[in-house]
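Containing CSV, N, CA and C atoms: query-v1.csv.
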chain,number,residue,atom,x,y,z
A,642,MET,N,0.8,-1.2,0.0
A,642,MET,CA,0.0,0.0,0.0
A,642,MET,C,0.9,1.2,0.0
A,643,THR,N,0.7,2.1,-1.0
A,643,THR,CA,1.5,3.3,-1.1
A,643,THR,C,0.6,4.5,-0.9
A,644,THR,N,0.8,5.3,0.1
A,644,THR,CA,0.1,6.6,0.3
A,644,THR,C,1.1,7.4,1.0
A,645,GLU,N,1.3,8.6,0.5
A,645,GLU,CA,2.3,9.5,1.1
A,645,GLU,C,1.7,10.9,1.2
A,646,THR,N,2.0,11.7,2.2
A,646,THR,CA,1.6,13.0,2.4
A,646,THR,C,2.8,13.9,2.2
A,647,ASP,N,2.7,14.9,1.3
A,647,ASP,CA,3.9,15.8,1.2
A,647,ASP,C,3.8,17.0,2.1
A,648,THR,N,4.7,17.9,2.0
A,648,THR,CA,4.8,19.0,2.9
A,648,THR,C,3.7,20.1,2.6
A,649,GLN,N,3.1,20.0,1.5
A,649,GLN,CA,2.0,21.0,1.2
A,649,GLN,C,0.6,20.4,1.6
A,650,GLY,N,0.6,19.2,2.2
A,650,GLY,CA,-0.7,18.6,2.6
A,650,GLY,C,-1.3,17.8,1.5
A,651,SER,N,-0.7,17.6,0.4
A,651,SER,CA,-1.3,16.8,-0.7
A,651,SER,C,-1.0,15.3,-0.3
A,652,VAL,N,-1.9,14.4,-0.8
A,652,VAL,CA,-1.7,13.0,-0.5
A,652,VAL,C,-1.5,12.3,-1.9
A,653,THR,N,-0.5,11.5,-2.0
A,653,THR,CA,-0.2,10.8,-3.2
A,653,THR,C,-0.5,9.3,-3.0
A,654,ALA,N,-1.3,8.7,-3.8
A,654,ALA,CA,-1.6,7.3,-3.7
A,654,ALA,C,-1.4,6.6,-5.0
A,655,VAL,N,-0.9,5.4,-5.0
A,655,VAL,CA,-0.7,4.6,-6.2
A,655,VAL,C,-1.6,3.4,-6.2
A,656,TYR,N,-2.4,3.3,-7.2
A,656,TYR,CA,-3.3,2.1,-7.4
A,656,TYR,C,-2.9,1.2,-8.5
A,657,LYS,N,-3.3,0.0,-8.4
A,657,LYS,CA,-3.1,-1.0,-9.5
A,657,LYS,C,-4.4,-1.2,-10.2
A,658,VAL,N,-4.4,-1.0,-11.6
A,658,VAL,CA,-5.6,-1.2,-12.4
A,658,VAL,C,-5.3,-2.2,-13.4
A,659,SER,N,-6.2,-3.2,-13.6
A,659,SER,CA,-6.0,-4.2,-14.6
A,659,SER,C,-6.8,-3.8,-15.9
A,660,GLY,N,-6.3,-4.2,-17.0
A,660,GLY,CA,-7.0,-4.0,-18.3
A,660,GLY,C,-6.5,-2.9,-19.1
A,661,MET,N,-5.7,-2.0,-18.6
A,661,MET,CA,-5.3,-0.9,-19.4
A,661,MET,C,-4.2,-1.4,-20.4
A,662,SER,N,-4.3,-1.0,-21.7
A,662,SER,CA,-3.3,-1.4,-22.7
A,662,SER,C,-2.8,-0.4,-23.6
A,663,CYS,N,-3.4,0.9,-23.5
A,663,CYS,CA,-2.9,1.9,-24.4
A,663,CYS,C,-3.2,3.3,-23.8
A,664,GLY,N,-2.8,4.3,-24.6
A,664,GLY,CA,-3.0,5.7,-24.1
A,664,GLY,C,-4.5,6.0,-24.0
A,665,HIS,N,-5.3,5.5,-24.8
A,665,HIS,CA,-6.8,5.7,-24.6
A,665,HIS,C,-7.3,5.2,-23.3
A,666,CYS,N,-6.8,4.1,-22.9
A,666,CYS,CA,-7.1,3.5,-21.6
A,666,CYS,C,-6.7,4.4,-20.5
A,667,GLU,N,-5.4,4.9,-20.6
A,667,GLU,CA,-4.9,5.8,-19.6
A,667,GLU,C,-5.8,7.0,-19.5
A,668,GLY,N,-6.2,7.6,-20.6
A,668,GLY,CA,-7.0,8.8,-20.6
A,668,GLY,C,-8.3,8.5,-20.0
A,669,ALA,N,-9.0,7.4,-20.3
A,669,ALA,CA,-10.3,7.1,-19.7
A,669,ALA,C,-10.2,7.0,-18.2
A,670,VAL,N,-9.2,6.3,-17.7
A,670,VAL,CA,-9.1,6.1,-16.2
A,670,VAL,C,-8.8,7.4,-15.6
A,671,SER,N,-7.8,8.2,-16.2
A,671,SER,CA,-7.5,9.5,-15.6
A,671,SER,C,-8.7,10.4,-15.6
A,672,SER,N,-9.4,10.4,-16.6
A,672,SER,CA,-10.6,11.3,-16.7
A,672,SER,C,-11.6,11.0,-15.6
A,673,GLU,N,-11.9,9.8,-15.4
A,673,GLU,CA,-12.9,9.4,-14.4
A,673,GLU,C,-12.4,9.7,-13.0
A,674,ILE,N,-11.1,9.4,-12.7
A,674,ILE,CA,-10.6,9.7,-11.3
A,674,ILE,C,-10.5,11.2,-11.1
A,675,THR,N,-10.1,11.9,-12.1
A,675,THR,CA,-10.0,13.4,-12.0
A,675,THR,C,-11.3,14.0,-11.5
A,676,GLU,N,-12.4,13.4,-11.8
A,676,GLU,CA,-13.7,14.0,-11.4
A,676,GLU,C,-14.0,13.8,-9.9
A,677,LEU,N,-13.2,13.0,-9.2
A,677,LEU,CA,-13.4,12.8,-7.7
A,677,LEU,C,-13.0,14.1,-7.0
A,678,ASP,N,-13.8,14.4,-5.9
A,678,ASP,CA,-13.5,15.6,-5.1
A,678,ASP,C,-12.1,15.6,-4.6
A,679,GLY,N,-11.4,16.7,-4.7
A,679,GLY,CA,-10.1,16.9,-4.1
A,679,GLY,C,-8.9,16.4,-4.9
A,680,VAL,N,-9.2,15.7,-6.1
A,680,VAL,CA,-8.1,15.2,-6.9
A,680,VAL,C,-7.5,16.3,-7.7
A,681,SER,N,-6.2,16.5,-7.6
A,681,SER,CA,-5.5,17.5,-8.3
A,681,SER,C,-4.6,17.0,-9.5
A,682,SER,N,-4.3,15.7,-9.5
A,682,SER,CA,-3.4,15.2,-10.5
A,682,SER,C,-3.6,13.6,-10.6
A,683,VAL,N,-3.7,13.1,-11.8
A,683,VAL,CA,-3.8,11.7,-12.1
A,683,VAL,C,-2.8,11.3,-13.2
A,684,LYS,N,-2.0,10.3,-13.0
A,684,LYS,CA,-1.1,9.8,-14.0
A,684,LYS,C,-1.3,8.3,-14.1
A,685,ALA,N,-1.9,7.9,-15.2
A,685,ALA,CA,-2.1,6.4,-15.5
A,685,ALA,C,-1.0,5.9,-16.4
A,686,VAL,N,-0.4,4.8,-16.1
A,686,VAL,CA,0.6,4.2,-17.0
A,686,VAL,C,0.1,2.7,-17.3
A,687,ALA,N,-0.3,2.6,-18.6
A,687,ALA,CA,-0.8,1.3,-19.0
A,687,ALA,C,0.2,0.1,-18.9
A,688,SER,N,1.5,0.4,-19.2
A,688,SER,CA,2.5,-0.7,-19.2
A,688,SER,C,2.7,-1.3,-17.8
A,689,SER,N,2.5,-0.5,-16.8
A,689,SER,CA,2.7,-1.0,-15.4
A,689,SER,C,1.4,-1.3,-14.7
A,690,GLY,N,0.3,-0.7,-15.3
A,690,GLY,CA,-1.0,-0.8,-14.6
A,690,GLY,C,-1.1,0.0,-13.4
A,691,GLU,N,-0.2,1.0,-13.3
A,691,GLU,CA,-0.3,1.9,-12.1
A,691,GLU,C,-0.9,3.2,-12.4
A,692,VAL,N,-1.7,3.7,-11.4
A,692,VAL,CA,-2.3,5.0,-11.5
A,692,VAL,C,-1.9,5.8,-10.3
A,693,THR,N,-1.2,6.9,-10.5
A,693,THR,CA,-0.8,7.7,-9.4
A,693,THR,C,-1.7,8.9,-9.2
A,694,VAL,N,-2.3,9.0,-8.0
A,694,VAL,CA,-3.3,10.1,-7.8
A,694,VAL,C,-2.8,11.0,-6.7
A,695,VAL,N,-2.8,12.3,-7.0
A,695,VAL,CA,-2.5,13.3,-6.0
A,695,VAL,C,-3.8,14.0,-5.6
A,696,SER,N,-4.1,14.1,-4.3
A,696,SER,CA,-5.4,14.7,-3.9
A,696,SER,C,-5.1,15.5,-2.6
A,697,ALA,N,-6.1,16.3,-2.2
A,697,ALA,CA,-6.0,17.1,-1.0
A,697,ALA,C,-6.1,16.3,0.2
A,698,ALA,N,-6.8,15.2,0.2
A,698,ALA,CA,-7.0,14.3,1.4
A,698,ALA,C,-7.0,12.9,0.9
A,699,PRO,N,-6.8,11.9,1.7
A,699,PRO,CA,-6.9,10.5,1.3
A,699,PRO,C,-8.3,10.2,0.7
A,700,LEU,N,-8.3,9.5,-0.4
A,700,LEU,CA,-9.5,9.2,-1.1
A,700,LEU,C,-10.1,7.9,-0.6
A,701,ASP,N,-11.4,7.8,-0.7
A,701,ASP,CA,-12.2,6.6,-0.3
A,701,ASP,C,-11.9,5.6,-1.4
A,702,GLU,N,-11.4,4.4,-1.1
A,702,GLU,CA,-11.0,3.5,-2.1
A,702,GLU,C,-12.2,3.0,-2.9
A,703,GLU,N,-13.4,3.0,-2.3
A,703,GLU,CA,-14.6,2.6,-3.1
A,703,GLU,C,-14.9,3.6,-4.1
A,704,ALA,N,-14.7,4.9,-3.8
A,704,ALA,CA,-14.9,6.0,-4.8
A,704,ALA,C,-14.0,5.8,-6.0
A,705,VAL,N,-12.7,5.5,-5.7
A,705,VAL,CA,-11.8,5.3,-6.8
A,705,VAL,C,-12.2,4.0,-7.6
A,706,ARG,N,-12.6,3.0,-6.9
A,706,ARG,CA,-13.0,1.7,-7.5
A,706,ARG,C,-14.2,2.0,-8.5
A,707,ALA,N,-15.1,2.8,-8.0
A,707,ALA,CA,-16.3,3.2,-8.9
A,707,ALA,C,-15.9,4.0,-10.1
A,708,ALA,N,-14.9,4.9,-9.9
A,708,ALA,CA,-14.5,5.7,-11.1
A,708,ALA,C,-13.7,4.8,-12.1
A,709,VAL,N,-12.9,3.9,-11.6
A,709,VAL,CA,-12.2,3.0,-12.5
A,709,VAL,C,-13.2,2.1,-13.2
A,710,ASP,N,-14.2,1.6,-12.5
A,710,ASP,CA,-15.2,0.7,-13.1
A,710,ASP,C,-16.0,1.5,-14.2
A,711,GLU,N,-16.3,2.8,-13.9
A,711,GLU,CA,-17.0,3.6,-14.9
A,711,GLU,C,-16.2,3.7,-16.2
A,712,ALA,N,-14.8,3.7,-16.0
A,712,ALA,CA,-13.9,3.8,-17.2
A,712,ALA,C,-13.8,2.5,-17.9
A,713,GLY,N,-14.4,1.4,-17.3
A,713,GLY,CA,-14.3,0.1,-18.0
A,713,GLY,C,-13.2,-0.8,-17.6
A,714,PHE,N,-12.6,-0.5,-16.4
A,714,PHE,CA,-11.4,-1.3,-16.0
A,714,PHE,C,-11.7,-1.7,-14.5
A,715,GLU,N,-10.7,-2.5,-14.0
A,715,GLU,CA,-10.9,-3.0,-12.6
A,715,GLU,C,-9.8,-2.5,-11.7
A,716,LEU,N,-10.1,-2.0,-10.6
A,716,LEU,CA,-9.2,-1.6,-9.6
A,716,LEU,C,-8.8,-2.8,-8.8
A,717,VAL,N,-7.5,-3.1,-8.8
A,717,VAL,CA,-6.9,-4.3,-8.1
A,717,VAL,C,-6.7,-3.9,-6.7
A,718,GLY,N,-6.3,-2.7,-6.4
A,718,GLY,CA,-6.1,-2.2,-5.0
A,718,GLY,C,-4.9,-1.2,-5.1
A,719,LYS,N,-4.5,-0.9,-3.9
A,719,LYS,CA,-3.3,0.0,-3.8
A,719,LYS,C,-2.0,-0.7,-4.2
A,720,ALA,N,-1.2,-0.1,-4.8
A,720,ALA,CA,0.1,-0.7,-5.3
A,720,ALA,C,1.1,-0.8,-4.1

Written form, structure tokens:
Amino acid sequence: MTTETDTQGSVTAVYKVSGMSCGHCEGAVSSEITELDGVSSVKAVASSGEVTVVSAAPLDEEAVRAAVDEAGFELVGKA
């Protein structure tokens, strides 16, 4: 499980997502997670299946799961 808080109060979490295979997949996942309250940055990497999310406060994993599901992929959990 990877969750870090930096000096400015932002929280960075890395999630594993299965099924991403291309830039379109990365964009779909990033777009859905970006809509969650407090999210300031999302970077999805299809080759590793990792999605790095920077937010103002820790995110509810079920909200992240719902966003990833909406994009058509499966949240495996925190990396």

- prompt: For Lys657 of chain A, which residue out of A:Val680, A:Ala712, A:Ala720, A:Ala697 is the nearest one, using only C-alpha atoms?
  reply: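 Using only C-alpha atoms, the shortest distance to Lys657 of chain A belongs to A:Ala720.
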
- prompt: Excluding same-chain residues fewer than 4 positions from Val717 of chain A, what lies within 10 Å of it counting only C-alpha atoms, as a list in words?
  reply: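 Here the answer would be Tyr656, Lys657, Val658, Ser659, Gly690, Glu691 and Arg706 of chain A.
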
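By chain and then residue number, the residues within 6.5 Å of Glu667 of chain A are Met661, Ser662, Ser672, Ala685, Val686 and Ala687 of chain A, counting all atoms listed in the file and disregarding those fewer than 5 positions away in sequence.
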
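As for atom N of Pro699 of chain A and atom CA of Gly713 of chain A, they are spaced 24.2 Å apart.
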
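Picture a line from atom C of Thr653 of chain A to atom N of Val670 of chain A; it runs 17.3 Å.
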
Need the axis-aligned box for segment 669-685 of chain A with 5 Å each side, so what are the centre and edges in Å to one decimal, as JSON?
{"center_x": -7.5, "center_y": 11.7, "center_z": -12.2, "size_x": 23.0, "size_y": 21.6, "size_z": 26.2}

task: Between A:Ser696, A:Glu702, A:Lys684, A:Phe714, single out the one closest to Ser651 of chain A, counting only N, CA and C atoms.
output: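 With only N, CA and C atoms as the atom set, the closest residue is A:Ser696.
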
message: Taking only chain A into account, list the residues labelled helix (DSSP H, G or I) by DSSP (computed from the backbone), as a PyMOL selection string.
response: chain A and resi 664-675+702-711

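Coordinates place atom CA of Ala669 of chain A at a distance of 11.0 Å from atom CA of Val683 of chain A.
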
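Distances from A:Ala698, A:Ala708, A:Cys666, A:Val692 to Gly679 of chain A were compared using only C-alpha atoms, and the smallest one belongs to A:Ala698.
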
From A:Ser688, A:Ala707, A:Glu676, A:Ser682, residue lying nearest Cys663 of chain A [only N, CA and C atoms]: A:Ser688

- request: Would you please work out which residue, of A:Leu716, A:Asp710, A:Val652, A:Val705, is nearest to Ser681 of chain A when using only C-alpha atoms?
  value: A:Val652
